[in-house]
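Trainee: File structure03.cif follows (mmCIF, C-alpha atoms):
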```cif
data_final
#
loop_
_atom_site.group_PDB
_atom_site.id
_atom_site.type_symbol
_atom_site.label_atom_id
_atom_site.label_comp_id
_atom_site.auth_asym_id
_atom_site.auth_seq_id
_atom_site.Cartn_x
_atom_site.Cartn_y
_atom_site.Cartn_z
ATOM 1 C CA MET A 1 -205.537 123.584 35.943
ATOM 2 C CA LYS A 2 -203.120 125.527 38.177
ATOM 3 C CA ALA A 3 -202.876 122.626 40.657
ATOM 4 C CA ARG A 4 -202.148 120.173 37.834
ATOM 5 C CA GLN A 5 -199.506 122.512 36.412
ATOM 6 C CA THR A 6 -197.819 122.812 39.815
ATOM 7 C CA ARG A 7 -197.827 119.013 40.314
ATOM 8 C CA THR A 8 -196.452 118.464 36.790
ATOM 9 C CA ILE A 9 -193.599 120.923 37.328
ATOM 10 C CA ALA A 10 -192.728 119.307 40.654
ATOM 11 C CA ALA A 11 -192.811 115.789 39.143
ATOM 12 C CA GLU A 12 -190.892 116.578 35.959
ATOM 13 C CA ARG A 13 -188.294 118.842 37.567
ATOM 14 C CA PRO A 14 -187.722 117.553 41.104
ATOM 15 C CA GLY A 15 -184.573 119.644 41.679
ATOM 16 C CA PRO A 16 -186.079 123.110 42.222
ATOM 17 C CA GLU A 17 -187.308 123.824 45.722
ATOM 18 C CA LEU A 18 -189.281 126.883 44.670
ATOM 19 C CA ILE A 19 -191.982 127.475 42.062
ATOM 20 C CA CYS A 20 -192.860 131.129 41.421
ATOM 21 C CA THR A 21 -195.897 132.620 39.764
ATOM 22 C CA THR A 22 -197.064 136.160 39.113
ATOM 23 C CA THR A 23 -200.562 137.509 39.546
ATOM 24 C CA ALA A 24 -201.906 141.032 39.463
ATOM 25 C CA THR A 25 -202.884 142.022 42.992
ATOM 26 C CA THR A 26 -206.189 143.260 41.591
ATOM 27 C CA ASN A 27 -206.989 139.716 40.420
ATOM 28 C CA THR A 28 -208.165 138.646 43.857
ATOM 29 C CA HIS A 29 -209.725 135.437 42.506
ATOM 30 C CA MET A 30 -206.367 134.160 41.205
ATOM 31 C CA VAL A 31 -204.522 135.372 44.294
ATOM 32 C CA GLY A 32 -206.975 133.284 46.350
ATOM 33 C CA ILE A 33 -206.394 130.219 44.164
ATOM 34 C CA ASN A 34 -202.629 130.615 44.494
ATOM 35 C CA HIS A 35 -202.876 130.897 48.283
ATOM 36 C CA ALA A 36 -205.173 127.852 48.432
ATOM 37 C CA LEU A 37 -202.522 125.884 46.509
ATOM 38 C CA GLY A 38 -199.849 126.845 49.022
ATOM 39 C CA TYR A 39 -198.254 129.780 47.226
ATOM 40 C CA GLU A 40 -197.330 132.687 49.481
ATOM 41 C CA THR A 41 -197.155 136.366 48.593
ATOM 42 C CA ALA A 42 -193.448 137.173 48.431
ATOM 43 C CA ARG A 43 -193.737 140.758 47.185
ATOM 44 C CA THR A 44 -196.105 143.117 45.455
ATOM 45 C CA MET A 45 -195.341 145.515 42.636
ATOM 46 C CA ASN A 46 -196.768 148.793 41.479
ATOM 47 C CA TRP A 47 -196.677 149.521 37.789
ATOM 48 C CA VAL A 48 -196.531 153.161 36.758
ATOM 49 C CA GLU A 49 -196.493 154.630 33.280
ATOM 50 C CA THR A 50 -196.416 157.942 31.509
ATOM 51 C CA THR A 51 -196.531 158.969 27.888
ATOM 52 C CA THR A 52 -193.433 159.915 25.938
ATOM 53 C CA ALA A 53 -194.685 163.500 26.154
ATOM 54 C CA GLY A 54 -194.036 163.380 29.909
ATOM 55 C CA PRO A 55 -196.331 163.637 32.923
ATOM 56 C CA ALA A 56 -199.806 165.022 32.229
ATOM 57 C CA GLY A 57 -198.905 165.489 28.570
ATOM 58 C CA LYS A 58 -196.334 168.191 29.350
ATOM 59 C CA PRO A 59 -193.164 168.135 27.242
ATOM 60 C CA ALA A 60 -190.373 166.167 28.869
#
```
Please go through the file and, once you have read it, give me the structure as structure tokens.

Mentor:
Amino acid sequence: MKARQTRTIAAERPGPELICTTTATTNTHMVGINHALGYETARTMNWVETTTAGPAGKPA
């Protein structure tokens, strides 16, 4: 499915030289598929959150 999508994008929009995709680094299966299709890891991100009450539930 991912390979077909990549080929379709390239065929229908021949101008762009770059196709980007995002994958959670913890999803190693999808990361492997992307690498097998020729995608390269350009950067990784860390996502951090807190509640509106502040860190560890302490008032902000």

Trainee: Which residues, written as a ChimeraX atom specification, have at least one atom at most 10 Å from Thr41 in chain A, with only C-alpha atoms counted and residues fewer than 2 positions away on the same chain left out?

Mentor: /A:20-23,25,31,34-35,38-39,43-44

Trainee: List the neighbours of Gln5 in chain A out to 12 Å using only C-alpha atoms; skip same-chain residues closer than 3 positions along the sequence, and give me the result as a PyMOL selection string.

Mentor: chain A and resi 1-2+8-13+19-21+34+37

Trainee: In Å, how far is it from CA of Ala24 in chain A to CA of Met45 in chain A?

Mentor: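 Those two atoms sit 8.6 Å apart.
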
Trainee: Could you jot down the CA of Asn46 in chain A to CA of Ile33 in chain A separation for me, Å, one decimal place?

Mentor: 21.1 Å

Trainee: Could you tell me how far CA of Gly32 in chain A lies from CA of Arg7 in chain A, in Å and to one decimal?

Mentor: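 According to the coordinates, CA of Gly32 in chain A and CA of Arg7 in chain A are separated by 18.0 Å.
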
Trainee: Kindly list the centre and edge lengths in Å, rounded to one decimal, for the axis-aligned box that covers all listed atoms of range 10-23 of chain A plus 8 Å on each of its six sides, as AutoDock Vina command-line options.

Mentor:
```
--center_x -192.6 --center_y 126.6 --center_z 40.8 --size_x 32.0 --size_y 37.7 --size_z 25.8
```

Trainee: How about completing range 16-27 of chain A with N, CA and C atoms and giving it to me as a PDB file, keeping the file's coordinate frame?

Mentor:
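Contents of the output file rebuild-v1.pdb:
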```pdb
ATOM      1  N   PRO A  16    -185.748 121.802  41.646  1.00  0.00           N
ATOM      2  CA  PRO A  16    -186.079 123.110  42.222  1.00  0.00           C
ATOM      3  C   PRO A  16    -186.898 122.987  43.507  1.00  0.00           C
ATOM      4  N   GLU A  17    -186.569 123.811  44.466  1.00  0.00           N
ATOM      5  CA  GLU A  17    -187.308 123.824  45.722  1.00  0.00           C
ATOM      6  C   GLU A  17    -188.355 124.923  45.744  1.00  0.00           C
ATOM      7  N   LEU A  18    -188.401 125.732  44.684  1.00  0.00           N
ATOM      8  CA  LEU A  18    -189.281 126.883  44.670  1.00  0.00           C
ATOM      9  C   LEU A  18    -189.937 127.020  43.302  1.00  0.00           C
ATOM     10  N   ILE A  19    -191.244 127.193  43.288  1.00  0.00           N
ATOM     11  CA  ILE A  19    -191.982 127.475  42.062  1.00  0.00           C
ATOM     12  C   ILE A  19    -192.611 128.852  42.246  1.00  0.00           C
ATOM     13  N   CYS A  20    -192.339 129.760  41.331  1.00  0.00           N
ATOM     14  CA  CYS A  20    -192.860 131.129  41.421  1.00  0.00           C
ATOM     15  C   CYS A  20    -193.945 131.350  40.375  1.00  0.00           C
ATOM     16  N   THR A  21    -194.850 132.226  40.695  1.00  0.00           N
ATOM     17  CA  THR A  21    -195.897 132.620  39.764  1.00  0.00           C
ATOM     18  C   THR A  21    -196.165 134.102  39.968  1.00  0.00           C
ATOM     19  N   THR A  22    -196.714 134.745  38.971  1.00  0.00           N
ATOM     20  CA  THR A  22    -197.064 136.160  39.113  1.00  0.00           C
ATOM     21  C   THR A  22    -198.559 136.321  38.891  1.00  0.00           C
ATOM     22  N   THR A  23    -199.137 137.214  39.636  1.00  0.00           N
ATOM     23  CA  THR A  23    -200.562 137.509  39.546  1.00  0.00           C
ATOM     24  C   THR A  23    -200.767 138.970  39.890  1.00  0.00           C
ATOM     25  N   ALA A  24    -201.573 139.651  39.128  1.00  0.00           N
ATOM     26  CA  ALA A  24    -201.906 141.032  39.463  1.00  0.00           C
ATOM     27  C   ALA A  24    -202.636 141.051  40.802  1.00  0.00           C
ATOM     28  N   THR A  25    -202.252 141.965  41.671  1.00  0.00           N
ATOM     29  CA  THR A  25    -202.884 142.022  42.992  1.00  0.00           C
ATOM     30  C   THR A  25    -204.365 142.347  42.882  1.00  0.00           C
ATOM     31  N   THR A  26    -204.774 142.955  41.785  1.00  0.00           N
ATOM     32  CA  THR A  26    -206.189 143.260  41.591  1.00  0.00           C
ATOM     33  C   THR A  26    -206.993 142.027  41.188  1.00  0.00           C
ATOM     34  N   ASN A  27    -206.319 140.962  40.787  1.00  0.00           N
ATOM     35  CA  ASN A  27    -206.989 139.716  40.420  1.00  0.00           C
ATOM     36  C   ASN A  27    -207.138 138.862  41.681  1.00  0.00           C
TER      37      ASN A  27
END
```
